[in-house]
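Source file: my_file-v1.txt; contents: compact mmCIF, C-alpha atoms and all ligand atoms.
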```
# COMPACT_ATOMS: atom_id res chain seq x y z
CA MET A 1 120.25 104.68 104.13
CA SER A 2 116.98 104.02 102.52
CA GLY A 3 114.43 106.79 103.02
CA PRO A 4 110.70 106.67 102.36
CA GLU A 5 111.12 107.89 98.79
CA GLU A 6 113.59 105.15 97.96
CA ASN A 7 112.81 101.58 97.14
CA ILE A 8 109.28 102.32 96.00
CA PRO A 9 107.81 99.19 94.39
CA ARG A 10 107.85 99.69 90.64
CA HIS A 11 104.80 97.52 90.14
CA ILE A 12 102.00 96.85 92.62
CA ALA A 13 99.39 94.17 91.93
CA ILE A 14 96.10 94.45 93.81
CA ILE A 15 93.38 91.93 94.63
CA PRO A 16 90.56 94.19 95.86
CA ASP A 17 88.61 91.61 97.87
CA GLY A 18 85.85 92.07 100.43
CA ASN A 19 83.28 94.27 98.71
CA GLY A 20 80.50 91.76 99.32
CA ARG A 21 81.32 91.25 103.00
CA TRP A 22 81.62 95.01 103.52
CA ALA A 23 78.09 95.52 102.18
CA GLU A 24 76.57 92.50 103.93
CA SER A 25 77.98 93.57 107.29
CA ARG A 26 76.04 96.83 106.86
CA GLY A 27 72.84 95.17 105.73
CA LEU A 28 73.38 96.60 102.22
CA PRO A 29 73.12 94.79 98.89
CA ARG A 30 76.46 93.32 97.74
CA ASN A 31 76.41 95.62 94.71
CA GLU A 32 76.66 98.60 97.03
CA GLY A 33 80.02 97.19 98.15
CA HIS A 34 81.17 96.97 94.54
CA ARG A 35 80.03 100.54 93.91
CA ARG A 36 81.97 101.77 96.92
CA GLY A 37 84.89 99.61 95.71
CA THR A 38 85.16 101.52 92.44
CA GLU A 39 85.36 104.83 94.35
CA VAL A 40 88.14 103.48 96.56
CA MET A 41 90.02 102.32 93.47
CA ARG A 42 90.13 105.87 92.19
CA ASP A 43 91.76 107.15 95.43
CA VAL A 44 94.23 104.26 95.67
CA ILE A 45 95.38 104.72 92.07
CA GLU A 46 95.93 108.41 92.69
CA ALA A 47 97.93 107.64 95.85
CA ALA A 48 100.07 105.11 93.93
CA LEU A 49 100.79 107.73 91.31
CA GLU A 50 101.81 110.23 94.00
CA LEU A 51 104.15 107.65 95.55
CA GLY A 52 105.90 107.23 92.21
CA VAL A 53 104.74 103.67 91.51
CA SER A 54 105.12 103.08 87.78
CA SER A 55 102.69 100.17 87.32
CA VAL A 56 99.51 99.02 89.02
CA THR A 57 97.63 95.89 87.99
CA VAL A 58 94.16 95.34 89.43
CA TYR A 59 92.24 92.06 89.52
CA ALA A 60 88.90 93.53 88.50
CA PHE A 61 87.06 90.36 87.44
CA SER A 62 88.30 86.78 87.35
CA MET A 63 87.33 83.92 85.07
CA GLU A 64 85.87 82.29 88.20
CA ASN A 65 83.74 85.39 88.90
CA TRP A 66 81.65 84.47 85.83
CA GLY A 67 80.10 81.82 88.09
CA ARG A 68 78.45 84.44 90.34
CA PRO A 69 74.69 85.10 90.12
CA SER A 70 73.97 86.85 86.84
CA ASP A 71 72.52 89.98 88.48
CA GLU A 72 75.77 90.47 90.43
CA VAL A 73 77.86 89.90 87.27
CA ASP A 74 75.70 92.43 85.39
CA ALA A 75 76.02 94.98 88.20
CA ILE A 76 79.84 94.63 88.32
CA MET A 77 80.08 94.96 84.52
CA SER A 78 77.97 98.09 84.50
CA LEU A 79 80.00 99.59 87.37
CA LEU A 80 83.24 98.89 85.49
CA ARG A 81 81.83 100.43 82.32
CA ARG A 82 80.71 103.54 84.18
CA TYR A 83 84.03 103.76 86.02
CA LEU A 84 86.01 103.62 82.77
CA ARG A 85 83.83 106.23 81.06
CA ARG A 86 83.81 108.55 84.05
CA GLU A 87 87.53 108.35 84.78
CA ARG A 88 88.81 108.33 81.20
CA ASP A 89 89.65 112.01 80.83
CA GLU A 90 91.13 112.34 84.29
CA LEU A 91 93.31 109.25 83.83
CA ALA A 92 94.58 110.74 80.57
CA ALA A 93 95.22 114.12 82.22
CA LYS A 94 97.24 112.44 84.97
CA GLY A 95 99.48 110.65 82.47
CA ILE A 96 98.15 107.20 83.36
CA ARG A 97 98.17 104.66 80.52
CA VAL A 98 95.34 102.16 80.87
CA ARG A 99 95.09 98.70 79.40
CA ALA A 100 92.91 95.66 80.01
CA ILE A 101 94.14 92.07 79.95
CA GLY A 102 92.14 88.86 79.94
CA ARG A 103 89.57 87.09 77.78
CA LEU A 104 87.93 90.34 76.73
CA ASP A 105 85.96 88.55 74.01
CA MET A 106 83.70 87.22 76.80
CA LEU A 107 82.64 90.76 77.79
CA ASP A 108 79.65 92.68 76.44
CA ALA A 109 80.41 94.82 73.40
CA ASP A 110 79.68 98.10 75.21
CA LEU A 111 82.18 97.31 77.96
CA VAL A 112 84.80 96.35 75.37
CA GLU A 113 84.09 99.67 73.63
CA ALA A 114 84.57 101.57 76.93
CA ILE A 115 87.88 99.71 77.42
CA ARG A 116 89.09 100.51 73.89
CA GLU A 117 88.13 104.18 74.37
CA VAL A 118 90.07 104.52 77.60
CA GLU A 119 93.03 102.68 76.07
CA ARG A 120 93.00 105.06 73.09
CA SER A 121 92.54 108.19 75.21
CA THR A 122 95.38 107.29 77.58
CA GLU A 123 97.89 105.75 75.18
CA GLN A 124 100.28 108.70 75.49
CA GLY A 125 100.39 108.41 79.28
CA SER A 126 103.92 107.90 80.56
CA ASP A 127 103.66 108.46 84.33
CA MET A 128 102.00 105.19 85.27
CA ARG A 129 100.71 101.98 83.66
CA LEU A 130 97.34 100.86 84.96
CA THR A 131 96.29 97.38 83.90
CA PHE A 132 92.86 95.95 84.63
CA ALA A 133 92.73 92.16 84.67
CA LEU A 134 89.20 91.54 83.46
CA SER A 135 87.71 88.17 82.63
CA TYR A 136 91.21 87.14 83.62
CA GLY A 137 92.57 83.79 84.74
CA GLY A 138 96.24 83.17 85.40
CA ARG A 139 96.15 79.62 84.07
CA THR A 140 94.17 80.81 81.05
CA GLU A 141 96.91 83.38 80.40
CA ILE A 142 99.54 80.62 80.48
CA VAL A 143 97.40 78.42 78.19
CA ASP A 144 97.05 81.33 75.73
CA ALA A 145 100.83 81.90 75.83
CA VAL A 146 101.53 78.20 75.23
CA ARG A 147 99.08 78.11 72.31
CA SER A 148 100.85 81.07 70.76
CA LEU A 149 104.24 79.32 71.01
CA ALA A 150 102.74 76.04 69.76
CA ARG A 151 101.45 77.82 66.64
CA ASP A 152 104.98 79.06 65.93
CA VAL A 153 106.42 75.58 66.45
CA ALA A 154 103.76 74.03 64.18
CA SER A 155 104.50 76.56 61.43
CA GLY A 156 108.22 75.87 61.69
CA HIS A 157 109.11 79.35 63.02
CA LEU A 158 110.25 78.14 66.45
CA GLU A 159 112.37 75.20 67.61
CA PRO A 160 110.98 73.55 70.78
CA ASP A 161 114.47 73.56 72.32
CA ALA A 162 114.71 77.32 71.78
CA ILE A 163 111.89 77.86 74.27
CA GLU A 164 113.22 79.42 77.47
CA GLU A 165 111.45 81.09 80.41
CA LYS A 166 111.77 84.44 78.68
CA THR A 167 110.29 83.05 75.44
CA LEU A 168 107.12 82.00 77.24
CA GLY A 169 107.13 85.14 79.44
CA ALA A 170 107.14 87.26 76.29
CA ARG A 171 103.78 85.72 75.26
CA MET A 172 101.97 86.76 78.44
CA TYR A 173 99.24 89.41 78.05
CA ALA A 174 101.39 92.38 79.18
CA PRO A 175 105.02 91.33 78.63
CA ASP A 176 106.32 94.91 78.69
CA VAL A 177 105.24 95.41 82.32
CA PRO A 178 107.83 94.14 84.83
CA ASP A 179 106.78 91.45 87.33
CA PRO A 180 105.00 92.88 90.40
CA ASP A 181 107.23 93.78 93.34
CA LEU A 182 104.33 93.87 95.77
CA LEU A 183 100.95 92.12 95.82
CA ILE A 184 98.30 93.65 98.05
CA ARG A 185 95.28 91.51 98.83
CA THR A 186 92.54 92.99 100.96
CA GLY A 187 89.87 91.02 102.78
CA GLY A 188 92.19 88.81 104.80
CA GLU A 189 92.38 85.70 102.57
CA HIS A 190 95.86 84.21 102.13
CA ARG A 191 95.80 83.05 98.52
CA ILE A 192 96.48 84.38 95.06
CA SER A 193 93.27 83.05 93.44
CA ASN A 194 94.61 82.51 89.92
CA PHE A 195 96.00 86.06 89.68
CA LEU A 196 99.27 86.45 87.74
CA PRO A 197 100.77 83.07 88.75
CA TRP A 198 103.56 83.37 86.17
CA GLN A 199 104.52 86.89 87.26
CA LEU A 200 104.18 86.59 91.06
CA VAL A 201 106.94 84.03 91.71
CA TYR A 202 109.17 86.48 93.62
CA THR A 203 106.61 89.11 94.52
CA GLU A 204 106.33 90.26 98.14
CA LEU A 205 102.86 89.56 99.51
CA TRP A 206 100.91 91.91 101.74
CA ILE A 207 97.58 90.67 103.07
CA SER A 208 95.40 93.35 104.58
CA GLU A 209 92.58 92.46 106.94
CA ALA A 210 90.73 95.55 105.70
CA LEU A 211 87.85 94.89 103.33
CA TRP A 212 88.46 96.67 100.03
CA PRO A 213 85.92 99.48 100.60
CA ASP A 214 87.75 100.28 103.87
CA PHE A 215 91.15 100.36 102.17
CA GLY A 216 92.55 103.70 101.08
CA PRO A 217 95.64 105.84 100.48
CA ASP A 218 96.83 105.51 104.12
CA GLU A 219 96.68 101.70 103.93
CA LEU A 220 98.50 101.76 100.59
CA ARG A 221 101.28 103.91 102.05
CA GLU A 222 101.52 101.55 105.03
CA ALA A 223 101.83 98.53 102.71
CA VAL A 224 104.62 100.30 100.79
CA ARG A 225 106.38 101.23 104.05
CA LEU A 226 106.34 97.59 105.16
CA TYR A 227 107.51 96.48 101.70
CA GLN A 228 110.49 98.81 102.09
CA GLN A 229 111.54 96.87 105.21
CA ARG A 230 111.54 93.52 103.43
CA GLU A 231 114.74 91.95 102.19
CA ARG A 232 114.24 90.51 98.72
CA ARG A 233 116.72 87.71 98.24
CA PHE A 234 115.42 86.04 95.05
CA GLY A 235 116.74 82.69 96.32
CA ARG A 236 120.18 84.03 97.24
CA THR A 237 121.69 84.51 100.69
CA GLY A 238 121.02 87.70 102.61
CA ALA A 239 124.68 88.73 102.28
CA GLN A 240 124.55 88.26 98.51
CA ALA A 241 121.30 90.19 98.22
CA ARG A 242 122.65 93.07 100.32
CA GLY A 243 125.91 93.12 98.41
CA GLY A 244 124.04 93.16 95.15
CA SER A 245 126.29 90.47 93.69
C1 LIG B 301 85.80 91.40 95.20
O1 LIG B 301 84.95 91.43 96.32
C2 LIG B 301 85.28 92.26 94.14
C3 LIG B 301 84.91 91.86 92.91
C4 LIG B 301 85.08 90.47 92.43
C5 LIG B 301 84.24 92.82 91.99
C6 LIG B 301 85.06 93.75 91.15
C7 LIG B 301 85.85 94.75 91.90
C8 LIG B 301 85.48 96.04 92.10
C9 LIG B 301 84.20 96.59 91.61
C10 LIG B 301 86.40 96.95 92.85
C11 LIG B 301 87.54 97.32 91.97
C12 LIG B 301 87.29 98.49 91.12
C13 LIG B 301 87.69 98.64 89.85
C14 LIG B 301 87.42 99.90 89.14
C15 LIG B 301 88.40 97.57 89.12
P1 LIG B 301 84.00 90.19 96.66
O2 LIG B 301 82.67 90.42 96.03
O3 LIG B 301 84.69 88.93 96.26
O4 LIG B 301 83.87 90.31 98.22
P2 LIG B 301 83.61 89.15 99.27
O5 LIG B 301 84.86 88.31 99.30
O6 LIG B 301 83.41 89.90 100.53
O7 LIG B 301 82.39 88.41 98.82
```
Encoding of this model in structure tokens:
Amino acid sequence: MSGPEENIPRHIAIIPDGNGRWAESRGLPRNEGHRRGTEVMRDVIEAALELGVSSVTVYAFSMENWGRPSDEVDAIMSLLRRYLRRERDELAAKGIRVRAIGRLDMLDADLVEAIREVERSTEQGSDMRLTFALSYGGRTEIVDAVRSLARDVASGHLEPDAIEEKTLGARMYAPDVPDPDLLIRTGGEHRISNFLPWQLVYTELWISEALWPDFGPDELREAVRLYQQRERRFGRTGAQARGGS
């Protein structure tokens, strides 16, 4: 029998959507939704750690988000910087290892510095991996991986016919983190929006109608409970999947 402590997703990916709508529905500036969103993130990460989830990847800022009005982009960047500085010591104390993935060269130097500091401070963490996808695009990640393989082919270090799925997968930004078992998207939209397209092929999807600032530990636990009822077949029959063969 599978109890609540069993079959915990090893890796949860999160698209924290709906900050803007949450604020607008209250007559508040959108940035107030983002501010509230960073507070919620703290509680959700703690709840994931308590559940025994070993990896969480958060879509913090997409390549497409660069197209937002510059004052909103600036406000999000400064919230992320403050979040990383404020949480750094506590993340380290909790054994959470933090890393950022994406085109970080497009970020301001002080945000990159805050990222490097939290990465350094938490590098010994072994209880959970927390990855922030920042200035991240899934197709950009695949392009970067292909470029890296192409360089090896051009220099004669790699035969084109030796390229397998795992060869390309190993060039993704965080190849040591297993593919997500569960994707949680808040805000009710049914799409993956260029988030981890390579890694999500067999991920279970959970769309929450809650806007991200209204999401919390209870909603996370509910998503995990529903995940535990899913049958993951990976293209096989149900009987095969249940038999484990
Ligand atoms: C999505 O809501 C939120 C963003 C694109 C901004 C970045 C996310 C946060 C600040 C919360 C996560 C916290 C951390 C620490 C990574 P939206 O603005 O797209 O909302 P809308 O769909 O209602 O407009």
(message) Let me see if you get this right: every residue at most 7 Å from ligand LIG 301 (chain B), counting only C-alpha atoms and all ligand atoms, written as a PyMOL selection string.
(response) chain A and resi 16-22+34-35+37-38+41+58-61+65+76+79-80+83+132+187
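Of the listed residues A:Ser121, A:Ser62, A:Thr140, A:Ser78, the one whose atoms come nearest to Gly95 in chain A is A:Ser121, with distances taken using all atoms listed in the file.
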(message) Let me make sure I understand: among A:Leu158, A:Leu200, A:Trp206, A:Met63, which one has the smallest atom-to-atom distance to Ala133 in chain A if we use only C-alpha atoms?
(response)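 Residue with the minimum atom-to-atom distance to Ala133 in chain A: A:Met63.
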Anything within 7 Å of (90.9, 88.7, 81.3): list those residues as a short mmCIF file (atom, residue, chain, number, x, y, z; two decimals) with C-alpha atoms, in the frame of the given file, counting all atoms listed in the file and sticking to the file's coordinates.
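What ended up in point22.cif:
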```cif
data_model
loop_
_atom_site.label_atom_id
_atom_site.label_comp_id
_atom_site.auth_asym_id
_atom_site.auth_seq_id
_atom_site.Cartn_x
_atom_site.Cartn_y
_atom_site.Cartn_z
CA SER A 62 88.30 86.78 87.35
CA ILE A 101 94.14 92.07 79.95
CA GLY A 102 92.14 88.86 79.94
CA ARG A 103 89.57 87.09 77.78
CA LEU A 104 87.93 90.34 76.73
CA ALA A 133 92.73 92.16 84.67
CA LEU A 134 89.20 91.54 83.46
CA SER A 135 87.71 88.17 82.63
CA TYR A 136 91.21 87.14 83.62
CA GLY A 137 92.57 83.79 84.74
#
```
(request) Have a look at A:Asp214, A:Asp152, A:Asp110, A:Asp144 and name the one nearest to Met172 in chain A; count only C-alpha atoms. (result)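 Ranked by minimum distance to Met172 in chain A, first place goes to A:Asp144.
Between CA of Arg97 in chain A and CA of Ser54 in chain A lies a distance of 10.2 Å.
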(message) Restricting the calculation to only C-alpha atoms: of A:Gln199, A:Thr237, A:Ala47, A:Glu72, which residue gets closest to Gly33 in chain A?
(response) A:Glu72
(message) as a PyMOL selection string, please: the residues near Arg242 in chain A (cut-off 10 Å, all atoms listed in the file, same-chain neighbours under 5 positions excluded).
(response) chain A and resi 231-233+236-237
(request) Within 12 Å of Asp43 in chain A, counting only C-alpha atoms, which residues show up once you throw out same-chain ones fewer than 2 positions away? Write them as a list in words, please. (result) Arg36, Gly37, Thr38, Glu39, Val40, Met41, Ile45, Glu46, Ala47, Ala48, Leu49, Glu50, Glu87, Leu91, Trp212, Pro213, Asp214, Phe215, Gly216, Pro217, Asp218, Glu219 and Leu220 of chain A
(message) Would you compute the distance between CA of Ser55 in chain A and CA of Asn31 in chain A? Give it in Å to one decimal.
(response)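 Between CA of Ser55 in chain A and CA of Asn31 in chain A the gap is 27.7 Å.
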(request) May I ask for the distance between CA of Glu141 in chain A and CA of Glu113 in chain A, given in Å to one decimal place? (result) 21.8 Å
